[in-house]
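Here is coords22.pdb, consisting of PDB, C-alpha atoms:
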ATOM      1  CA  MET U 498    -105.335-102.631 -56.022  1.00  0.00           C
ATOM      2  CA  THR U 499    -107.741 -99.749 -56.564  1.00  0.00           C
ATOM      3  CA  LEU U 500    -108.511 -97.057 -54.000  1.00  0.00           C
ATOM      4  CA  ALA U 501    -112.104 -98.313 -53.792  1.00  0.00           C
ATOM      5  CA  SER U 502    -110.970-101.812 -52.883  1.00  0.00           C
ATOM      6  CA  LYS U 503    -108.559-100.448 -50.278  1.00  0.00           C
ATOM      7  CA  LEU U 504    -111.343 -98.467 -48.627  1.00  0.00           C
ATOM      8  CA  LYS U 505    -113.898-101.278 -48.752  1.00  0.00           C
ATOM      9  CA  GLY U 506    -114.965-102.198 -45.259  1.00  0.00           C
ATOM     10  CA  VAL U 507    -113.193 -99.217 -43.672  1.00  0.00           C
ATOM     11  CA  LYS U 508    -115.634 -97.242 -41.554  1.00  0.00           C
ATOM     12  CA  PRO U 509    -115.320 -93.446 -41.707  1.00  0.00           C
ATOM     13  CA  GLN U 510    -114.262 -91.734 -38.487  1.00  0.00           C
ATOM     14  CA  THR U 511    -117.273 -90.017 -36.930  1.00  0.00           C
ATOM     15  CA  GLY U 512    -115.489 -88.474 -33.959  1.00  0.00           C
ATOM     16  CA  PRO U 513    -112.105 -88.108 -32.280  1.00  0.00           C
ATOM     17  CA  SER U 514    -110.521 -91.041 -30.472  1.00  0.00           C
ATOM     18  CA  TYR U 515    -109.929 -88.920 -27.362  1.00  0.00           C
ATOM     19  CA  GLU U 516    -112.221 -87.375 -24.753  1.00  0.00           C
ATOM     20  CA  LEU U 517    -113.319 -83.833 -25.559  1.00  0.00           C
ATOM     21  CA  ARG U 518    -112.368 -80.906 -23.309  1.00  0.00           C
ATOM     22  CA  PRO U 519    -115.308 -78.472 -23.120  1.00  0.00           C
ATOM     23  CA  ASP U 520    -113.699 -77.094 -19.947  1.00  0.00           C
ATOM     24  CA  LEU U 521    -111.137 -75.427 -22.226  1.00  0.00           C
ATOM     25  CA  LEU U 522    -113.801 -72.786 -22.855  1.00  0.00           C
ATOM     26  CA  LEU U 523    -113.445 -71.715 -19.214  1.00  0.00           C
ATOM     27  CA  HIS U 524    -109.824 -70.709 -19.793  1.00  0.00           C
ATOM     28  CA  GLY U 525    -109.267 -67.250 -18.330  1.00  0.00           C
ATOM     29  CA  ASN U 526    -108.140 -64.159 -20.167  1.00  0.00           C
ATOM     30  CA  ILE U 527    -104.444 -63.285 -20.245  1.00  0.00           C
ATOM     31  CA  PRO U 528    -103.439 -61.021 -17.306  1.00  0.00           C
ATOM     32  CA  ALA U 529    -102.549 -57.511 -18.490  1.00  0.00           C
ATOM     33  CA  PRO U 530     -98.854 -57.714 -17.451  1.00  0.00           C
ATOM     34  CA  MET U 531     -98.430 -60.703 -19.777  1.00  0.00           C
ATOM     35  CA  HIS U 532     -99.912 -59.066 -22.886  1.00  0.00           C
ATOM     36  CA  GLY U 533     -97.484 -59.409 -25.773  1.00  0.00           C
ATOM     37  CA  VAL U 534     -95.379 -62.065 -24.032  1.00  0.00           C
ATOM     38  CA  ALA U 535     -96.782 -65.180 -25.720  1.00  0.00           C
ATOM     39  CA  PRO U 536     -94.627 -68.297 -26.219  1.00  0.00           C
ATOM     40  CA  ARG U 537     -94.968 -67.886 -29.983  1.00  0.00           C
ATOM     41  CA  VAL U 538     -93.426 -64.413 -29.610  1.00  0.00           C
ATOM     42  CA  VAL U 539     -90.536 -65.119 -27.253  1.00  0.00           C
ATOM     43  CA  LEU U 540     -89.543 -68.484 -28.779  1.00  0.00           C
ATOM     44  CA  GLY U 541     -90.121 -67.615 -32.411  1.00  0.00           C
ATOM     45  CA  THR U 542     -92.091 -68.775 -35.429  1.00  0.00           C
ATOM     46  CA  ASN U 543     -90.219 -72.036 -36.029  1.00  0.00           C
ATOM     47  CA  TRP U 544     -90.823 -73.235 -32.466  1.00  0.00           C
ATOM     48  CA  TRP U 545     -94.474 -72.232 -32.599  1.00  0.00           C
ATOM     49  CA  ASN U 546     -95.053 -73.950 -35.938  1.00  0.00           C
ATOM     50  CA  ARG U 547     -93.705 -77.197 -34.511  1.00  0.00           C
ATOM     51  CA  GLU U 548     -95.895 -76.861 -31.406  1.00  0.00           C
ATOM     52  CA  ARG U 549     -99.107 -76.094 -33.236  1.00  0.00           C
ATOM     53  CA  ASN U 550     -98.595 -78.656 -35.987  1.00  0.00           C
ATOM     54  CA  GLU U 551     -98.120 -81.333 -33.347  1.00  0.00           C
ATOM     55  CA  CYS U 552    -101.329 -80.297 -31.589  1.00  0.00           C
ATOM     56  CA  TYR U 553    -103.233 -80.326 -34.901  1.00  0.00           C
ATOM     57  CA  LYS U 554    -101.999 -83.871 -35.470  1.00  0.00           C
ATOM     58  CA  LYS U 555    -103.195 -84.969 -32.032  1.00  0.00           C
ATOM     59  CA  ALA U 556    -106.576 -83.294 -32.611  1.00  0.00           C
ATOM     60  CA  GLU U 557    -107.252 -85.621 -35.596  1.00  0.00           C
ATOM     61  CA  GLY U 558    -109.077 -82.852 -37.457  1.00  0.00           C
ATOM     62  CA  PHE U 559    -111.593 -82.128 -34.675  1.00  0.00           C
ATOM     63  CA  CYS U 560    -112.030 -79.192 -32.307  1.00  0.00           C
ATOM     64  CA  GLN U 561    -110.789 -80.426 -28.943  1.00  0.00           C
ATOM     65  CA  ALA U 562    -113.448 -78.447 -27.074  1.00  0.00           C
ATOM     66  CA  CYS U 563    -116.689 -79.010 -29.006  1.00  0.00           C
ATOM     67  CA  GLY U 564    -115.732 -81.902 -31.289  1.00  0.00           C
ATOM     68  CA  VAL U 565    -116.821 -80.363 -34.594  1.00  0.00           C
ATOM     69  CA  PRO U 566    -114.833 -81.652 -37.594  1.00  0.00           C
ATOM     70  CA  LYS U 567    -112.848 -78.772 -39.038  1.00  0.00           C
ATOM     71  CA  ILE U 568    -114.485 -79.265 -42.464  1.00  0.00           C
ATOM     72  CA  ARG U 569    -117.888 -78.529 -40.853  1.00  0.00           C
ATOM     73  CA  ALA U 570    -116.808 -75.696 -38.552  1.00  0.00           C
ATOM     74  CA  SER U 571    -118.537 -72.307 -38.815  1.00  0.00           C
ATOM     75  CA  TYR U 572    -116.870 -69.477 -40.774  1.00  0.00           C
ATOM     76  CA  HIS U 573    -113.432 -71.110 -41.132  1.00  0.00           C
ATOM     77  CA  GLN U 574    -112.878 -74.741 -42.055  1.00  0.00           C
ATOM     78  CA  TRP U 575    -109.597 -75.096 -40.201  1.00  0.00           C
ATOM     79  CA  LEU U 576    -108.385 -75.376 -36.622  1.00  0.00           C
ATOM     80  CA  GLU U 577    -106.646 -72.670 -34.601  1.00  0.00           C
ATOM     81  CA  ALA U 578    -104.013 -73.259 -31.919  1.00  0.00           C
ATOM     82  CA  HIS U 579    -104.675 -71.828 -28.463  1.00  0.00           C
ATOM     83  CA  GLU U 580    -102.078 -71.765 -25.686  1.00  0.00           C
ATOM     84  CA  VAL U 581    -103.214 -73.164 -22.332  1.00  0.00           C
ATOM     85  CA  TYR U 582    -101.760 -71.667 -19.160  1.00  0.00           C
ATOM     86  CA  ASN U 583    -101.839 -72.157 -15.422  1.00  0.00           C
ATOM     87  CA  VAL U 584    -102.081 -68.690 -13.861  1.00  0.00           C
ATOM     88  CA  ASP U 585    -101.028 -67.988 -10.278  1.00  0.00           C
ATOM     89  CA  TYR U 586    -102.200 -64.443  -9.542  1.00  0.00           C
ATOM     90  CA  ALA U 587    -100.648 -64.289  -6.072  1.00  0.00           C
ATOM     91  CA  LYS U 588     -97.142 -65.162  -7.323  1.00  0.00           C
ATOM     92  CA  GLY U 589     -97.523 -63.415 -10.667  1.00  0.00           C
ATOM     93  CA  ARG U 590     -96.749 -66.515 -12.701  1.00  0.00           C
ATOM     94  CA  MET U 591     -98.337 -67.570 -15.988  1.00  0.00           C
ATOM     95  CA  LYS U 592     -97.047 -71.064 -16.761  1.00  0.00           C
ATOM     96  CA  TYR U 593     -97.320 -72.276 -20.349  1.00  0.00           C
ATOM     97  CA  LEU U 594     -98.663 -75.832 -20.454  1.00  0.00           C
ATOM     98  CA  TYR U 595     -99.463 -76.839 -24.033  1.00  0.00           C
ATOM     99  CA  PRO U 596    -101.435 -75.777 -27.120  1.00  0.00           C
ATOM    100  CA  VAL U 597    -104.859 -77.135 -28.087  1.00  0.00           C
ATOM    101  CA  ALA U 598    -106.640 -77.155 -31.448  1.00  0.00           C
ATOM    102  CA  LEU U 599    -109.933 -75.281 -31.521  1.00  0.00           C
ATOM    103  CA  CYS U 600    -112.507 -74.304 -34.105  1.00  0.00           C
ATOM    104  CA  HIS U 601    -112.853 -70.594 -34.852  1.00  0.00           C
ATOM    105  CA  PHE U 602    -115.972 -70.210 -32.691  1.00  0.00           C
ATOM    106  CA  CYS U 603    -114.509 -71.934 -29.614  1.00  0.00           C
ATOM    107  CA  HIS U 604    -111.288 -69.935 -29.926  1.00  0.00           C
ATOM    108  CA  CYS U 605    -113.181 -66.635 -30.200  1.00  0.00           C
ATOM    109  CA  TYR U 606    -115.383 -67.617 -27.244  1.00  0.00           C
ATOM    110  CA  ILE U 607    -112.338 -67.953 -24.986  1.00  0.00           C
ATOM    111  CA  HIS U 608    -110.997 -64.560 -26.094  1.00  0.00           C
ATOM    112  CA  ASP U 609    -114.267 -62.790 -25.328  1.00  0.00           C
ATOM    113  CA  GLY U 610    -112.483 -59.570 -24.359  1.00  0.00           C
ATOM    114  CA  ARG U 611    -111.048 -59.237 -27.858  1.00  0.00           C
ATOM    115  CA  LEU U 612    -114.379 -60.380 -29.301  1.00  0.00           C
ATOM    116  CA  GLN U 613    -116.208 -57.593 -27.461  1.00  0.00           C
ATOM    117  CA  ALA U 614    -113.658 -55.041 -28.681  1.00  0.00           C
ATOM    118  CA  LEU U 615    -114.139 -56.166 -32.294  1.00  0.00           C
ATOM    119  CA  LEU U 616    -117.903 -55.800 -31.888  1.00  0.00           C
ATOM    120  CA  GLU U 617    -117.592 -52.298 -30.445  1.00  0.00           C
ATOM    121  CA  LYS U 618    -115.350 -51.272 -33.355  1.00  0.00           C
ATOM    122  CA  GLN U 619    -117.875 -52.870 -35.756  1.00  0.00           C
ATOM    123  CA  GLU U 620    -115.194 -55.193 -37.133  1.00  0.00           C
ATOM    124  CA  ILE U 621    -117.500 -58.180 -36.726  1.00  0.00           C
ATOM    125  CA  HIS U 622    -121.251 -58.340 -37.278  1.00  0.00           C
ATOM    126  CA  HIS U 623    -123.521 -58.597 -34.245  1.00  0.00           C
ATOM    127  CA  HIS U 624    -124.982 -61.834 -35.636  1.00  0.00           C
ATOM    128  CA  LYS U 625    -121.542 -63.472 -35.594  1.00  0.00           C
ATOM    129  CA  TYR U 626    -120.890 -62.252 -32.053  1.00  0.00           C
ATOM    130  CA  VAL U 627    -124.178 -63.750 -30.844  1.00  0.00           C
ATOM    131  CA  ALA U 628    -123.521 -66.999 -32.728  1.00  0.00           C
ATOM    132  CA  ILE U 629    -120.104 -67.388 -31.077  1.00  0.00           C
ATOM    133  CA  ILE U 630    -121.411 -66.739 -27.557  1.00  0.00           C
ATOM    134  CA  THR U 631    -124.396 -69.033 -28.124  1.00  0.00           C
ATOM    135  CA  HIS U 632    -122.107 -71.778 -29.435  1.00  0.00           C
ATOM    136  CA  GLY U 633    -119.753 -71.626 -26.457  1.00  0.00           C
ATOM    137  CA  ASP U 634    -122.553 -71.422 -23.899  1.00  0.00           C
ATOM    138  CA  GLU U 635    -124.232 -74.471 -25.453  1.00  0.00           C
ATOM    139  CA  VAL U 636    -120.998 -76.511 -25.448  1.00  0.00           C
ATOM    140  CA  LEU U 637    -120.588 -75.734 -21.748  1.00  0.00           C
ATOM    141  CA  ARG U 638    -124.272 -76.407 -20.990  1.00  0.00           C
ATOM    142  CA  ARG U 639    -124.068 -79.876 -22.525  1.00  0.00           C
ATOM    143  CA  ALA U 640    -121.076 -80.579 -20.276  1.00  0.00           C
ATOM    144  CA  GLY U 641    -122.848 -79.271 -17.175  1.00  0.00           C
ATOM    145  CA  LEU U 642    -120.577 -76.217 -17.015  1.00  0.00           C
ATOM    146  CA  VAL U 643    -121.308 -72.489 -16.846  1.00  0.00           C
ATOM    147  CA  ARG U 644    -118.985 -69.562 -17.501  1.00  0.00           C
ATOM    148  CA  GLU U 645    -119.406 -66.382 -15.500  1.00  0.00           C
ATOM    149  CA  SER U 646    -119.891 -63.178 -17.458  1.00  0.00           C
ATOM    150  CA  ARG U 647    -116.823 -61.123 -18.343  1.00  0.00           C
ATOM    151  CA  ASP U 648    -117.964 -58.345 -15.992  1.00  0.00           C
ATOM    152  CA  VAL U 649    -118.178 -60.779 -13.064  1.00  0.00           C
ATOM    153  CA  ARG U 650    -114.761 -62.252 -13.848  1.00  0.00           C
ATOM    154  CA  GLU U 651    -113.160 -58.813 -14.130  1.00  0.00           C
ATOM    155  CA  SER U 652    -114.852 -57.701 -10.910  1.00  0.00           C
ATOM    156  CA  LYS U 653    -113.358 -60.662  -9.055  1.00  0.00           C
ATOM    157  CA  ILE U 654    -109.878 -59.849 -10.341  1.00  0.00           C
ATOM    158  CA  GLN U 655    -110.258 -56.214  -9.271  1.00  0.00           C
ATOM    159  CA  LYS U 656    -111.363 -57.335  -5.816  1.00  0.00           C
ATOM    160  CA  MET U 657    -108.294 -59.582  -5.587  1.00  0.00           C
ATOM    161  CA  ILE U 658    -106.076 -56.640  -6.559  1.00  0.00           C
ATOM    162  CA  VAL U 659    -107.628 -54.413  -3.885  1.00  0.00           C
ATOM    163  CA  ASN U 660    -107.174 -57.166  -1.281  1.00  0.00           C
ATOM    164  CA  GLY U 661    -103.503 -57.586  -2.186  1.00  0.00           C
ATOM    165  CA  GLN U 662    -104.031 -61.065  -3.652  1.00  0.00           C
ATOM    166  CA  VAL U 663    -102.446 -60.223  -7.026  1.00  0.00           C
ATOM    167  CA  ALA U 664     -98.706 -59.780  -7.561  1.00  0.00           C
ATOM    168  CA  SER U 665     -97.470 -56.322  -8.500  1.00  0.00           C
ATOM    169  CA  TRP U 666     -96.916 -55.640 -12.200  1.00  0.00           C
ATOM    170  CA  GLU U 667     -93.112 -55.920 -12.182  1.00  0.00           C
ATOM    171  CA  LYS U 668     -93.181 -59.346 -10.498  1.00  0.00           C
ATOM    172  CA  TRP U 669     -95.157 -61.054 -13.262  1.00  0.00           C
ATOM    173  CA  ARG U 670     -93.386 -63.624 -15.413  1.00  0.00           C
ATOM    174  CA  LEU U 671     -94.277 -66.044 -18.190  1.00  0.00           C
ATOM    175  CA  ARG U 672     -92.798 -69.452 -17.404  1.00  0.00           C
ATOM    176  CA  ILE U 673     -91.894 -71.833 -20.232  1.00  0.00           C
ATOM    177  CA  GLY U 674     -90.060 -74.855 -18.897  1.00  0.00           C
ATOM    178  CA  ARG U 675     -87.476 -73.421 -16.509  1.00  0.00           C
ATOM    179  CA  ARG U 676     -87.173 -70.031 -18.176  1.00  0.00           C
ATOM    180  CA  LEU U 677     -88.964 -66.903 -17.005  1.00  0.00           C
ATOM    181  CA  TYR U 678     -89.899 -63.984 -19.259  1.00  0.00           C
ATOM    182  CA  PRO U 679     -90.745 -60.505 -17.855  1.00  0.00           C
ATOM    183  CA  PRO U 680     -93.602 -58.260 -19.006  1.00  0.00           C
ATOM    184  CA  LEU U 681     -93.238 -56.535 -22.360  1.00  0.00           C
ATOM    185  CA  TYR U 682     -94.452 -53.288 -20.757  1.00  0.00           C
ATOM    186  CA  LYS U 683     -92.624 -52.282 -17.580  1.00  0.00           C
ATOM    187  CA  THR U 684     -95.629 -50.603 -15.923  1.00  0.00           C
ATOM    188  CA  ARG U 685     -99.410 -50.542 -16.216  1.00  0.00           C
ATOM    189  CA  GLU U 686     -99.169 -46.940 -17.379  1.00  0.00           C
ATOM    190  CA  GLU U 687     -96.847 -47.947 -20.236  1.00  0.00           C
ATOM    191  CA  TRP U 688     -99.266 -50.747 -21.162  1.00  0.00           C
ATOM    192  CA  GLU U 689    -102.260 -48.383 -21.118  1.00  0.00           C
ATOM    193  CA  LEU U 690    -100.454 -45.945 -23.411  1.00  0.00           C
ATOM    194  CA  ALA U 691     -99.581 -48.763 -25.815  1.00  0.00           C
ATOM    195  CA  MET U 692    -103.188 -50.002 -25.846  1.00  0.00           C
ATOM    196  CA  ALA U 693    -104.496 -46.490 -26.437  1.00  0.00           C
ATOM    197  CA  LYS U 694    -102.067 -46.002 -29.327  1.00  0.00           C
ATOM    198  CA  LYS U 695    -103.041 -49.333 -30.835  1.00  0.00           C
ATOM    199  CA  THR U 696    -106.707 -48.391 -30.668  1.00  0.00           C
ATOM    200  CA  ALA U 697    -106.043 -44.992 -32.244  1.00  0.00           C
ATOM    201  CA  ASP U 698    -103.998 -46.565 -35.065  1.00  0.00           C
ATOM    202  CA  GLU U 699    -106.806 -48.998 -35.839  1.00  0.00           C
ATOM    203  CA  GLU U 700    -109.459 -46.277 -36.067  1.00  0.00           C
TER     204      GLU U 700
END

What would the structure in this file look like if it were written as structure tokens?
Amino acid sequence: MTLASKLKGVKPQTGPSYELRPDLLLHGNIPAPMHGVAPRVVLGTNWWNRERNECYKKAEGFCQACGVPKIRASYHQWLEAHEVYNVDYAKGRMKYLYPVALCHFCHCYIHDGRLQALLEKQEIHHHKYVAIITHGDEVLRRAGLVRESRDVRESKIQKMIVNGQVASWEKWRLRIGRRLYPPLYKTREEWELAMAKKTADEE
């Protein structure tokens, strides 16, 4: 039997078989105490490869947030794995839930802090920055959702800190299953020095 005869009458897949999750684009930024303590780091490459490959399989070749087929995605024709967390600021807990498969634009939209830093260092063109923000905003608009600006989100976190609604630095932990992982940097000052060094090394 030829390939043509096998495919005869088989309709091409025009979209994923699951419901899209545009709300993934509202995922918050990683709290500073948890920088550098990602599941892929603490559990290793082999574990992470299994996790992300499984999520790519479930995604069926589509971005789980906007639904674009990876072969038609902007800039990169592949999917990128993004870890989803439940963050409890009062307790200082960042619980790992699962990974999702996203197109390059949706993934960059979530990490808008990093995206802004890349723009300021002129490591991405302004046109790409605008295209990413426009893409994410439109995906949310179609779903009846709106994301607050980064300044507003950061202002709310600062207000929570001032009001004692955020756990102190040393109490933060990443939770994966039943295991807890402490911050990579023991204090905010140590973190700030590391970030400053990283910026200087990249310049």

With the file shown as input, list the residues that the PyMOL selection byres ((chain U and resi 683-688) around 9) selects, as an mmCIF file with C-alpha atoms, in the frame of the given file.
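Everything below was put into out.cif:
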data_model
loop_
_atom_site.group_PDB
_atom_site.id
_atom_site.type_symbol
_atom_site.label_atom_id
_atom_site.label_comp_id
_atom_site.auth_asym_id
_atom_site.auth_seq_id
_atom_site.Cartn_x
_atom_site.Cartn_y
_atom_site.Cartn_z
ATOM 1 C CA ALA U 529 -102.549 -57.511 -18.490
ATOM 2 C CA PRO U 530 -98.854 -57.714 -17.451
ATOM 3 C CA HIS U 532 -99.912 -59.066 -22.886
ATOM 4 C CA TRP U 666 -96.916 -55.640 -12.200
ATOM 5 C CA GLU U 667 -93.112 -55.920 -12.182
ATOM 6 C CA PRO U 679 -90.745 -60.505 -17.855
ATOM 7 C CA PRO U 680 -93.602 -58.260 -19.006
ATOM 8 C CA LEU U 681 -93.238 -56.535 -22.360
ATOM 9 C CA TYR U 682 -94.452 -53.288 -20.757
ATOM 10 C CA GLU U 689 -102.260 -48.383 -21.118
ATOM 11 C CA LEU U 690 -100.454 -45.945 -23.411
ATOM 12 C CA ALA U 691 -99.581 -48.763 -25.815
ATOM 13 C CA MET U 692 -103.188 -50.002 -25.846
ATOM 14 C CA ALA U 693 -104.496 -46.490 -26.437
#

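The shortest atom-to-atom distance to Gly633 in chain U, with only C-alpha atoms taken into account, belongs to U:Asp609 out of U:Glu577, U:Asp609, U:Glu617, U:Glu557.
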
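Residues in contact with Pro596 in chain U at 7 Å, where all atoms listed in the file are counted and same-chain residues fewer than 3 positions away are skipped, are listed as U:Arg549, U:Cys552, U:Ala578, U:His579, U:Glu580, U:Val581.
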
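When CA of Cys605 in chain U is paired with CA of Glu645 in chain U, their separation reads 16.0 Å.
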
Given the file shown, determine the residues that the PyMOL selection byres ((chain U and resi 515) around 10) selects; report them as a PDB file with C-alpha atoms, keeping the file's coordinate frame.
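Done, and the output landed in out13.pdb:
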ATOM      1  CA  GLY U 512    -115.489 -88.474 -33.959  1.00  0.00           C
ATOM      2  CA  PRO U 513    -112.105 -88.108 -32.280  1.00  0.00           C
ATOM      3  CA  SER U 514    -110.521 -91.041 -30.472  1.00  0.00           C
ATOM      4  CA  GLU U 516    -112.221 -87.375 -24.753  1.00  0.00           C
ATOM      5  CA  LEU U 517    -113.319 -83.833 -25.559  1.00  0.00           C
ATOM      6  CA  ARG U 518    -112.368 -80.906 -23.309  1.00  0.00           C
ATOM      7  CA  LYS U 555    -103.195 -84.969 -32.032  1.00  0.00           C
ATOM      8  CA  ALA U 556    -106.576 -83.294 -32.611  1.00  0.00           C
ATOM      9  CA  GLU U 557    -107.252 -85.621 -35.596  1.00  0.00           C
ATOM     10  CA  GLN U 561    -110.789 -80.426 -28.943  1.00  0.00           C
ATOM     11  CA  GLY U 564    -115.732 -81.902 -31.289  1.00  0.00           C
TER      12      GLY U 564
END

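Among the candidates U:Tyr678, U:Pro536, U:Trp544, U:His601, the residue lying nearest to Ser571 in chain U is U:His601 (atoms considered: only C-alpha atoms).
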
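Surrounding residues of (-112.9, -77.8, -41.3) at most 12 Å away are Tyr553, Glu557, Gly558, Phe559, Cys560, Gly564, Val565, Pro566, Lys567, Ile568, Arg569, Ala570, Ser571, Tyr572, His573, Gln574, Trp575, Leu576, Glu577, Ala598, Leu599, Cys600, His601 and Phe602 of chain U (based on only C-alpha atoms).
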
Nearest candidate to Leu612 in chain U (options U:Arg639, U:Lys588, U:Arg676, U:Arg647; using only C-alpha atoms) = U:Arg647

ask   = What lies within 10 Å of Leu677 in chain U using all atoms listed in the file, ignoring chain neighbours under 5 positions off, as a ChimeraX atom specification?
value = /U:590-592,669-672

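Once the PyMOL selection byres ((chain U and resi 519-522) around 8) is applied to the shown structure, the selection contains Leu517, Arg518, Leu523, His524, Gln561, Ala562, Cys563, Cys603, Tyr606, Ile607, Gly633, Val636, Leu637, Ala640 and Leu642 of chain U.
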
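Closest to Trp545 in chain U among U:Lys694, U:Gly661, U:Tyr595, U:Val627 is U:Tyr595, based on only C-alpha atoms.
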
task = Could you check how far CA of Gly589 in chain U sits from CA of Asn546 in chain U, in Å to one decimal?
result = 27.5 Å

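Going from CA of Lys668 in chain U to CA of Gln655 in chain U covers 17.4 Å.
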
Can you tell me, as a PDB file with C-alpha atoms, keeping the file's coordinate frame, what residues are no more than 12 Å from Ala614 in chain U when counting only C-alpha atoms, ignoring any on the same chain fewer than 3 positions away?
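Below you can see out_38.pdb, which holds the result:
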ATOM      1  CA  CYS U 605    -113.181 -66.635 -30.200  1.00  0.00           C
ATOM      2  CA  HIS U 608    -110.997 -64.560 -26.094  1.00  0.00           C
ATOM      3  CA  ASP U 609    -114.267 -62.790 -25.328  1.00  0.00           C
ATOM      4  CA  GLY U 610    -112.483 -59.570 -24.359  1.00  0.00           C
ATOM      5  CA  ARG U 611    -111.048 -59.237 -27.858  1.00  0.00           C
ATOM      6  CA  GLU U 617    -117.592 -52.298 -30.445  1.00  0.00           C
ATOM      7  CA  LYS U 618    -115.350 -51.272 -33.355  1.00  0.00           C
ATOM      8  CA  GLN U 619    -117.875 -52.870 -35.756  1.00  0.00           C
ATOM      9  CA  GLU U 620    -115.194 -55.193 -37.133  1.00  0.00           C
ATOM     10  CA  ILE U 621    -117.500 -58.180 -36.726  1.00  0.00           C
ATOM     11  CA  HIS U 622    -121.251 -58.340 -37.278  1.00  0.00           C
ATOM     12  CA  HIS U 623    -123.521 -58.597 -34.245  1.00  0.00           C
ATOM     13  CA  TYR U 626    -120.890 -62.252 -32.053  1.00  0.00           C
ATOM     14  CA  MET U 692    -103.188 -50.002 -25.846  1.00  0.00           C
ATOM     15  CA  THR U 696    -106.707 -48.391 -30.668  1.00  0.00           C
ATOM     16  CA  GLU U 699    -106.806 -48.998 -35.839  1.00  0.00           C
TER      17      GLU U 699
END
